[in-house]
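The next block is work13.cif, given as mmCIF, C-alpha atoms.
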data_my_file
loop_
_atom_site.label_atom_id
_atom_site.label_comp_id
_atom_site.auth_asym_id
_atom_site.auth_seq_id
_atom_site.Cartn_x
_atom_site.Cartn_y
_atom_site.Cartn_z
CA MET L 1118 124.54 78.54 69.74
CA ASN L 1119 121.84 76.13 68.64
CA LYS L 1120 121.20 77.26 65.09
CA PRO L 1121 123.65 76.42 62.31
CA PHE L 1122 124.55 79.95 61.22
CA SER L 1123 126.08 80.46 57.81
CA LEU L 1124 127.98 83.58 56.92
CA ILE L 1125 127.17 84.71 53.38
CA VAL L 1126 129.49 87.20 51.73
CA THR L 1127 127.21 89.47 49.68
CA ASP L 1128 129.81 91.51 47.85
CA THR L 1129 133.49 91.65 46.97
CA SER L 1130 134.15 94.62 49.25
CA PRO L 1131 134.56 92.68 52.54
CA LEU L 1132 136.91 90.27 50.77
CA PHE L 1133 139.01 93.08 49.33
CA THR L 1134 139.08 94.94 52.63
CA LEU L 1135 140.26 91.88 54.51
CA VAL L 1136 142.72 90.75 51.84
CA LEU L 1137 144.34 94.20 51.84
CA ALA L 1138 144.69 93.98 55.59
CA ASP L 1139 146.14 90.46 55.33
CA SER L 1140 143.24 89.46 57.54
CA LEU L 1141 141.14 87.06 55.50
CA ASP L 1142 141.57 84.53 58.28
CA ALA L 1143 139.56 86.84 60.51
CA LEU L 1144 136.46 85.64 58.67
CA LEU L 1145 137.07 82.18 60.11
CA ARG L 1146 137.56 83.30 63.70
CA PRO L 1147 133.88 82.90 64.69
CA GLY L 1148 133.96 79.32 63.41
CA LEU L 1149 130.95 79.82 61.11
CA SER L 1150 130.82 78.32 57.65
CA VAL L 1151 131.60 80.99 55.06
CA ASN L 1152 129.56 80.91 51.85
CA ILE L 1153 130.78 82.92 48.91
CA PRO L 1154 128.31 83.03 46.01
CA ASP L 1155 129.98 82.16 42.70
CA ALA L 1156 129.23 85.60 41.25
CA VAL L 1157 131.02 87.30 44.14
CA TYR L 1158 133.96 84.93 43.81
CA ILE L 1159 134.25 85.49 40.07
CA GLU L 1160 133.98 89.26 40.43
CA ALA L 1161 136.78 89.25 43.00
CA THR L 1162 139.13 86.94 41.15
CA ARG L 1163 138.37 87.22 37.45
CA VAL L 1164 141.27 89.55 36.61
CA HIS L 1165 144.14 87.10 36.20
CA GLY L 1166 147.19 88.11 38.14
CA ALA L 1167 145.45 91.01 39.79
CA PRO L 1168 146.58 91.71 43.32
CA GLY L 1169 144.13 90.29 45.81
CA ALA L 1170 142.75 87.71 43.43
CA GLU L 1171 145.47 85.17 44.01
CA GLN L 1172 145.37 85.63 47.77
CA ILE L 1173 141.61 85.09 47.81
CA VAL L 1174 141.88 81.93 45.69
CA GLY L 1175 144.72 80.64 47.86
CA TRP L 1176 142.83 81.40 51.05
CA ILE L 1177 139.71 79.59 49.87
CA ASN L 1178 141.71 76.55 48.82
CA ALA L 1179 143.46 76.49 52.16
CA HIS L 1180 140.14 76.43 54.04
CA LEU L 1181 137.83 74.28 51.98
CA ASP L 1182 136.45 72.77 55.17
CA LEU L 1183 134.90 76.12 56.16
CA VAL L 1184 134.73 78.18 52.98
CA ARG L 1185 132.42 77.22 50.16
CA ILE L 1186 131.76 78.72 46.72
CA VAL L 1187 128.03 78.48 46.14
CA PRO L 1188 126.88 77.93 42.55
CA THR L 1189 123.90 80.08 41.55
CA ASP L 1190 121.79 80.84 38.48
CA ILE L 1191 123.00 84.41 38.73
CA GLY L 1192 126.54 83.07 38.45
CA ILE L 1193 125.63 81.34 35.19
CA ASP L 1194 124.14 84.58 33.93
CA GLN L 1195 127.32 86.36 34.98
CA GLN L 1196 129.42 83.98 32.87
CA ARG L 1197 127.22 84.64 29.88
CA ARG L 1198 127.48 88.38 30.41
CA LEU L 1199 131.25 88.19 30.67
CA GLU L 1200 131.43 86.26 27.42
CA GLU L 1201 129.23 88.84 25.74
CA GLY L 1202 131.21 91.72 27.17
CA ARG L 1203 128.28 93.01 29.18
CA THR L 1204 128.39 94.56 32.62
CA ILE L 1205 128.34 92.32 35.68
CA ARG L 1206 127.82 95.11 38.18
CA GLY L 1207 125.76 94.21 41.22
CA LEU L 1208 125.34 90.56 40.31
CA GLY L 1209 127.20 89.48 43.45
CA GLU L 1210 124.43 90.80 45.64
CA HIS L 1211 121.76 89.07 43.57
CA ALA L 1212 123.70 85.84 43.80
CA ALA L 1213 123.93 86.29 47.57
CA MET L 1214 120.16 86.63 47.77
CA GLU L 1215 119.78 83.49 45.71
CA THR L 1216 122.22 81.70 48.03
CA LEU L 1217 120.26 82.89 51.05
CA ASP L 1218 116.97 81.78 49.53
CA ARG L 1219 118.32 78.31 48.78
CA LEU L 1220 119.81 77.99 52.23
CA LEU L 1221 116.63 78.96 54.06
CA ARG L 1222 114.42 76.78 51.88
CA ALA L 1223 116.64 73.75 52.22
CA ASP L 1224 116.72 73.83 55.99
CA GLN L 1225 113.91 75.20 58.14
CA GLU L 1226 116.31 75.50 61.09
CA ALA L 1227 119.04 77.27 59.18
CA ALA L 1228 119.90 80.87 59.93
CA ALA L 1229 122.12 83.16 57.96
CA LEU L 1230 124.36 86.08 58.62
CA LEU L 1231 124.85 88.35 55.63
CA LEU L 1232 128.14 90.20 55.43
CA PHE L 1233 127.69 93.60 53.76
CA GLU L 1234 129.80 96.61 53.01
CA ASP L 1235 129.29 99.37 55.60
CA SER L 1236 127.83 102.21 53.58
CA ASP L 1237 125.32 99.93 51.90
CA ILE L 1238 124.12 98.39 55.13
CA ALA L 1239 123.68 101.82 56.66
CA LYS L 1240 121.34 103.13 54.02
CA ARG L 1241 119.78 100.37 51.98
CA ARG L 1242 117.12 98.18 53.46
CA ALA L 1243 118.22 94.58 53.31
CA VAL L 1244 116.19 91.40 53.73
CA VAL L 1245 113.71 91.21 56.56
CA ASP L 1246 113.46 87.69 57.92
CA GLU L 1247 113.78 86.52 61.48
CA ARG L 1248 116.31 83.93 60.47
CA VAL L 1249 118.52 86.46 58.75
CA SER L 1250 120.89 88.82 60.52
CA LEU L 1251 123.28 91.32 59.04
CA ILE L 1252 126.76 92.43 59.72
CA SER L 1253 129.05 94.91 58.02
CA THR L 1254 132.80 94.65 57.58
CA GLY L 1255 133.19 97.43 60.16
CA ASP L 1256 130.86 95.70 62.65
CA PHE L 1257 132.83 92.51 62.18
CA LEU L 1258 136.14 94.25 62.82
CA ARG L 1259 134.69 96.03 65.87
CA GLU L 1260 133.67 92.68 67.35
CA LEU L 1261 137.14 91.27 66.71
CA GLU L 1262 138.56 94.35 68.39
CA ALA L 1263 136.25 93.93 71.39
CA ALA L 1264 137.29 90.29 71.65
CA GLY L 1265 140.94 91.35 71.65
CA LEU L 1266 141.68 89.51 68.42
CA ILE L 1267 142.82 92.58 66.54
CA GLN L 1268 144.42 95.73 67.88
CA SER L 1269 142.01 98.20 66.32
CA ALA L 1270 139.41 98.24 63.56
CA ASP L 1271 140.39 101.79 62.62
CA HIS L 1272 144.03 100.77 62.31
CA ILE L 1273 143.07 97.92 59.99
CA LEU L 1274 141.01 100.26 57.81
CA ASP L 1275 143.85 102.79 57.68
CA GLN L 1276 146.17 100.01 56.60
CA VAL L 1277 143.67 98.92 53.96
CA ALA L 1278 143.46 102.40 52.44
CA GLN L 1279 147.24 102.79 52.42
CA ARG L 1280 147.77 99.45 50.74
CA GLY L 1281 144.98 100.18 48.30
CA ALA L 1282 146.77 103.38 47.29
CA MET L 1283 150.04 101.48 46.88
CA TRP L 1284 148.30 98.91 44.75
CA THR L 1285 146.77 101.53 42.53
CA ALA L 1286 150.07 103.38 42.21
CA SER L 1287 151.87 100.19 41.24
CA GLY L 1288 149.35 99.45 38.51
CA GLY L 1289 146.76 97.46 40.40
CA ARG L 1290 143.49 96.15 39.07
CA SER L 1291 142.32 99.43 37.62
CA ALA L 1292 145.55 100.94 36.59
CA THR L 1293 144.51 104.28 35.21
CA PRO L 1294 146.95 106.88 36.47
CA ARG L 1295 145.53 110.00 38.03
CA ARG L 1296 145.82 112.50 35.26
CA GLY L 1297 146.26 115.51 37.47
CA ARG L 1298 149.42 114.02 38.94
CA VAL L 1299 151.32 113.26 35.79
CA CYS L 1300 154.25 115.59 35.52
CA ALA L 1301 153.44 117.90 32.63
CA THR L 1302 157.02 119.09 32.32
CA SER L 1303 158.53 115.65 31.90
CA PHE L 1304 155.82 114.59 29.54
CA ALA L 1305 156.07 117.65 27.37
CA ALA L 1306 159.86 117.34 27.18
CA GLY L 1307 159.46 113.82 25.89
CA LEU L 1308 161.33 112.28 28.80
CA THR L 1309 160.51 108.63 28.72
CA SER L 1310 163.34 107.23 30.80
CA ARG L 1311 161.11 107.02 33.84
CA THR L 1312 158.25 105.34 32.07
CA ARG L 1313 156.72 101.98 32.74
CA SER L 1314 154.73 99.86 30.36
CA ASN L 1315 151.29 98.35 30.79
CA GLU L 1316 149.99 101.07 33.04
CA TRP L 1317 148.63 103.68 30.74
CA PRO L 1318 145.87 102.83 28.31
CA ALA L 1319 147.72 102.44 25.03
CA ASP L 1320 145.21 104.34 22.96
CA LEU L 1321 145.45 107.34 25.24
CA CYS L 1322 149.19 107.80 25.65
CA ALA L 1323 149.77 108.04 21.94
CA HIS L 1324 147.47 111.00 21.58
CA VAL L 1325 147.92 113.07 24.66
CA CYS L 1326 147.47 116.70 23.83
CA LEU L 1327 150.53 118.73 24.74
CA ASP L 1328 148.42 121.83 24.85
CA ALA L 1329 146.31 120.30 27.58
CA LEU L 1330 149.36 119.11 29.50
CA THR L 1331 151.06 122.46 29.62
CA SER L 1332 148.01 124.57 30.29
CA PRO L 1333 147.63 126.18 33.72
CA ALA L 1334 144.26 124.47 34.08
CA PHE L 1335 145.86 121.07 33.74
CA ARG L 1336 148.55 121.92 36.24
CA LYS L 1337 145.83 122.84 38.71
CA GLY L 1338 144.30 119.44 38.08
CA GLN L 1339 141.19 120.90 36.48
CA LEU L 1340 141.64 119.77 32.91
CA PRO L 1341 141.52 116.18 31.78
CA ILE L 1342 143.97 115.07 29.14
CA GLN L 1343 142.52 115.48 25.68
CA ARG L 1344 143.19 113.57 22.56
CA CYS L 1345 145.11 115.54 19.98
CA SER L 1346 146.20 114.74 16.47
CA PHE L 1347 148.98 117.33 16.39
CA PRO L 1348 151.72 115.74 14.21
CA GLY L 1349 154.62 117.67 15.77
CA TYR L 1350 153.83 116.13 19.10
CA THR L 1351 153.00 112.62 18.09
CA ALA L 1352 156.34 112.40 16.26
CA ARG L 1353 158.18 112.47 19.58
CA ARG L 1354 155.57 110.87 21.73
CA PRO L 1355 156.54 108.21 24.24
CA PRO L 1356 156.18 104.66 22.98
CA ILE L 1357 152.70 103.23 23.04
CA GLY L 1358 152.03 101.66 26.40
CA ALA L 1359 154.48 103.93 28.18
CA VAL L 1360 153.43 105.94 31.15
CA LEU L 1361 155.09 108.61 33.20
CA GLU L 1362 155.22 108.01 36.86
CA PRO L 1363 153.15 110.23 39.08
CA HIS L 1364 155.39 113.14 39.96
CA ASP L 1365 155.45 115.18 43.11
CA ARG L 1366 156.21 118.32 41.17
CA GLY L 1367 153.00 118.12 39.21
CA ASN L 1368 152.62 121.88 39.50
CA ALA L 1369 156.09 122.69 38.23
CA PRO L 1370 156.22 125.29 35.50
CA PRO L 1371 156.92 123.94 32.03
CA THR L 1372 160.47 124.05 30.67
CA SER L 1373 161.34 126.29 27.75
CA ARG L 1374 161.23 123.25 25.48
CA ALA L 1375 157.81 122.45 26.79
CA LYS L 1376 156.73 126.02 26.19
CA ARG L 1377 157.93 125.85 22.60
CA GLY L 1378 156.10 122.57 22.25
CA ALA L 1379 153.03 124.08 23.75
CA ALA L 1380 153.06 126.90 21.23
CA HIS L 1381 153.09 124.36 18.43
CA ALA L 1382 150.50 122.31 20.16
CA VAL L 1383 148.16 125.23 20.49
CA ARG L 1384 148.26 125.64 16.73
CA GLY L 1385 147.87 121.90 16.30
CA ALA L 1386 145.14 121.63 18.86
CA ALA L 1387 143.16 124.31 17.10
CA ARG L 1388 142.83 121.88 14.24
CA SER L 1389 141.85 118.99 16.46
CA ARG L 1390 138.23 118.17 17.06
CA ASP L 1391 138.68 118.57 20.82
CA ALA L 1392 139.97 122.09 20.61
CA VAL L 1393 137.81 124.84 21.96
CA ARG L 1394 137.86 127.56 19.38
CA PRO L 1395 137.84 131.19 20.53
CA PRO L 1396 134.92 133.21 19.19
CA ARG L 1397 135.67 134.55 15.72
CA ARG L 1398 136.28 138.21 15.28
CA PRO L 1399 133.61 139.85 13.20
CA LEU L 1400 134.83 140.85 9.74
CA ARG L 1401 135.97 144.43 9.35
CA ARG L 1402 133.48 144.97 6.65
CA ALA L 1403 130.72 143.77 8.88
CA ARG L 1404 131.91 146.01 11.70
CA ARG L 1405 132.06 148.98 9.40
CA GLY L 1406 128.56 148.16 8.25
CA ALA L 1407 127.38 148.02 11.82
CA MET W 1145 120.42 96.49 27.21
CA ASP W 1146 123.05 97.28 29.81
CA ILE W 1147 124.09 100.85 30.24
CA GLU W 1148 127.67 101.30 31.41
CA PRO W 1149 127.98 104.26 33.75
CA THR W 1150 130.34 106.97 32.55
CA LYS W 1151 133.68 107.07 34.33
CA PRO W 1152 133.84 110.02 36.69
CA SER W 1153 136.40 112.74 36.04
CA ASP W 1154 139.25 113.08 38.54
CA SER W 1155 137.64 115.90 40.45
CA ALA W 1156 134.26 114.17 40.47
CA ARG W 1157 135.99 110.98 41.57
CA ASP W 1158 137.64 112.71 44.52
CA THR W 1159 134.38 114.38 45.50
CA LEU W 1160 132.57 111.05 45.40
CA LEU W 1161 135.27 109.34 47.42
CA ARG W 1162 135.21 112.06 50.06
CA ALA W 1163 131.43 111.75 50.24
CA TYR W 1164 131.79 108.00 50.54
CA ALA W 1165 134.32 108.27 53.37
CA ALA W 1166 131.95 110.65 55.14
CA GLY W 1167 129.12 108.15 54.81
CA ALA W 1168 127.10 110.35 52.47
CA VAL W 1169 127.39 108.08 49.42
CA THR W 1170 127.13 104.30 49.38
CA TRP W 1171 129.35 101.79 47.59
CA HIS W 1172 126.29 100.87 45.55
CA GLU W 1173 126.01 104.47 44.36
CA LEU W 1174 129.72 104.63 43.59
CA ARG W 1175 129.31 101.62 41.33
CA GLU W 1176 126.42 103.28 39.57
CA ARG W 1177 128.63 106.30 38.99
CA GLY W 1178 131.40 104.42 37.24
CA PHE W 1179 133.62 102.81 39.87
CA ASP W 1180 134.48 99.35 38.61
CA ASP W 1181 135.57 97.59 41.73
CA TYR W 1182 136.15 98.15 45.40
CA ILE W 1183 139.92 98.08 45.08
CA GLN W 1184 139.61 101.27 43.05
CA VAL W 1185 137.67 102.82 45.92
CA LEU W 1186 140.18 101.70 48.55
CA GLY W 1187 143.06 102.96 46.42
CA GLY W 1188 141.35 106.30 45.89
CA LEU W 1189 140.66 106.67 49.60
CA GLY W 1190 144.29 105.92 50.38
CA GLU W 1191 145.48 108.54 47.91
CA LEU W 1192 143.26 111.09 49.61
CA GLY W 1193 144.43 110.06 53.07
CA LEU W 1194 141.01 108.70 53.98
CA ARG W 1195 139.81 105.35 55.23
CA PRO W 1196 136.70 103.29 54.43
CA PRO W 1197 133.76 104.28 56.61
CA ILE W 1198 132.29 102.22 59.41
CA ALA W 1199 128.53 102.56 59.42
CA PRO W 1200 127.03 103.99 62.60
CA MET W 1201 124.59 101.69 64.34
CA SER W 1202 121.49 103.34 62.93
CA GLY W 1203 119.39 103.23 59.81
CA PRO W 1204 116.89 100.76 58.42
CA ASN W 1205 118.85 97.63 59.31
CA ARG W 1206 119.77 98.47 62.87
CA ALA W 1207 117.91 95.58 64.55
CA ALA W 1208 119.26 93.00 62.10
CA ARG W 1209 122.78 94.38 62.56
CA GLU W 1210 122.56 94.23 66.32
CA ARG W 1211 121.49 90.60 66.00
CA GLY W 1212 124.41 90.00 63.65
CA ARG W 1213 126.95 91.50 66.05
CA ALA W 1214 125.52 89.45 68.89
CA ILE W 1215 125.90 86.28 66.81
CA ILE W 1216 129.54 87.07 66.04
CA ARG W 1217 130.23 87.99 69.66
CA GLU W 1218 128.76 84.74 70.87
CA ALA W 1219 130.57 82.72 68.21
CA LEU W 1220 133.89 84.31 69.10
CA ARG W 1221 133.28 83.58 72.76
CA ALA W 1222 132.45 79.96 71.94
CA GLN W 1223 135.70 79.60 70.00
CA ARG W 1224 137.87 80.57 72.95
#
Mind converting the file's structure to structure tokens?
Amino acid sequence: MNKPFSLIVTDTSPLFTLVLADSLDALLRPGLSVNIPDAVYIEATRVHGAPGAEQIVGWINAHLDLVRIVPTDIGIDQQRRLEEGRTIRGLGEHAAMETLDRLLRADQEAAALLLFEDSDIAKRRAVVDERVSLISTGDFLRELEAAGLIQSADHILDQVAQRGAMWTASGGRSATPRRGRVCATSFAAGLTSRTRSNEWPADLCAHVCLDALTSPAFRKGQLPIQRCSFPGYTARRPPIGAVLEPHDRGNAPPTSRAKRGAAHAVRGAARSRDAVRPPRRPLRRARRGA
Amino acid sequence: MDIEPTKPSDSARDTLLRAYAAGAVTWHELRERGFDDYIQVLGGLGELGLRPPIAPMSGPNRAARERGRAIIREALRAQR
């Protein structure tokens, strides 16, 4: 190869995919310099203590000869947005384009390889420049597979999805439990022995509507948890911050205690602003008049 | 002013993830529909027993992708 190719990571997704597969080192196999725009780096590592973040930081520090964080104007904007509590969605890609632009302008001989996420590369038109080539995470894994450096790209991706699910279940980066899988019976009975803290949004768990939890619609996974101000329920609610573990018997029928609670909750929920009121019966007088 | 996308409901989330795994929806679109980060997507796919998609060699970037694969192939060969 004559040209000095640089691999530019355009998004967090290839990093997360590879970190979940314990395969970040695969990025170094081709021997190209790896450029990670600052906005991509921040987006991937900004949640302190989040799984994946520490591995990515550690991996970069272990390979400073080949991996470089590229400062960009977009990265500065991202910092400002974070401070102001504004969204930083999609800034990684913009930062990657800025990185590419700087790289190509600085060196007329330079050529870049942009690493994209698969679905985006398949549908969205990326840059058109003779010096720029593209590759997706999947393409990259396929080439490693063809070179005999990994057993199978599909196997890696299966592993990634499995570990992603484990991460989510153990309260990963975005630790919102799947509502349809919370055991309604345990929750309604006030069983908190199997709860864990820091996984359920505190403002939600204190006001879960028992009516919603014990309704058939919820047990079929069709009804999201609603907020409810029913005092009978909130008196024996689980502590704030507690969460019930996802339960295999999510479709189990409610216990008698839960049923009694549900009856109260229905009355309570009728007073709550989220309750759906049944249509009022017309007054007898009005019916007689009709 | 930035507009935060509304978080998808559980059923909408599953539908989106299935569409994503099938290659019908892009990661970019998932983000626009309320997915915060890619870990969320990978976790959701795992829960559904799905895996992230590998894009078929077609579409608007085909030529640039073929060049990219050739570069990686050559670089891997050179490293041996």
Residue list for chain L near chain W as an MDAnalysis selection string, 6 Å, only C-alpha atoms: chainID L and resid 1130 1147 1235:1237 1239 1242 1250:1252 1255 1274:1275 1278:1279 1281:1282 1285
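Here CA of Asp1218 (chain L) stands at a distance of 15.4 Å from CA of Ile1186 (chain L).
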Residues matched by the PyMOL selection byres ((chain L and resi 1183) around 10) as a ChimeraX atom specification: /L:1123,1144-1145,1148-1152,1177,1179-1182,1184-1185
Only C-alpha atoms, please: the residues just picked out, written as a PDB file, in the frame of the given file.
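The resulting file, part_28.pdb, is shown below:
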ATOM      1  CA  SER L1123     126.080  80.460  57.810  1.00  0.00           C
ATOM      2  CA  LEU L1144     136.460  85.640  58.670  1.00  0.00           C
ATOM      3  CA  LEU L1145     137.070  82.180  60.110  1.00  0.00           C
ATOM      4  CA  GLY L1148     133.960  79.320  63.410  1.00  0.00           C
ATOM      5  CA  LEU L1149     130.950  79.820  61.110  1.00  0.00           C
ATOM      6  CA  SER L1150     130.820  78.320  57.650  1.00  0.00           C
ATOM      7  CA  VAL L1151     131.600  80.990  55.060  1.00  0.00           C
ATOM      8  CA  ASN L1152     129.560  80.910  51.850  1.00  0.00           C
ATOM      9  CA  ILE L1177     139.710  79.590  49.870  1.00  0.00           C
ATOM     10  CA  ALA L1179     143.460  76.490  52.160  1.00  0.00           C
ATOM     11  CA  HIS L1180     140.140  76.430  54.040  1.00  0.00           C
ATOM     12  CA  LEU L1181     137.830  74.280  51.980  1.00  0.00           C
ATOM     13  CA  ASP L1182     136.450  72.770  55.170  1.00  0.00           C
ATOM     14  CA  VAL L1184     134.730  78.180  52.980  1.00  0.00           C
ATOM     15  CA  ARG L1185     132.420  77.220  50.160  1.00  0.00           C
TER      16      ARG L1185
END
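Here CA of Val1157 (chain L) and CA of Ala1264 (chain L) stand 28.4 Å from one another.
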Using all atoms of region 1262-1267 of chain L that appear in the file, construct an axis-aligned enclosing box with 3 Å of padding on every side and provide its centre coordinates and edge lengths in Å, rounded to one decimal, as JSON.
{"center_x": 139.5, "center_y": 91.9, "center_z": 69.1, "size_x": 12.6, "size_y": 10.8, "size_z": 11.1}
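From CA of Val1187 (chain L) back to CA of Arg1203 (chain L), the distance works out to 22.3 Å.
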Residues matched by the PyMOL selection byres ((chain L and resi 1135) around 10), written as an MDAnalysis selection string: chainID L and resid 1130:1134 1136:1144 1169 1173 1254 1258 1273:1274 1277
Ref. answer, residues at most 8 Å from (121.7, 82.1, 59.2) with all atoms listed in the file, as a count of residues only: 14
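Take the candidates L:Glu1226, L:Leu1220, L:Trp1176, L:Glu1234 and check each one against Thr1162 (chain L) using all atoms listed in the file; the shortest distance goes to L:Trp1176.
Around Asp1155 (chain L), within 9 Å and counting only C-alpha atoms, the residues found are Ile1153, Val1157, Tyr1158, Ile1159, Glu1160, Ile1186, Val1187, Pro1188, Thr1189, Ile1191, Gly1192, Ile1193, Gly1209, Ala1212 and Ala1213 of chain L, once anything fewer than 2 positions away on its own chain is removed.
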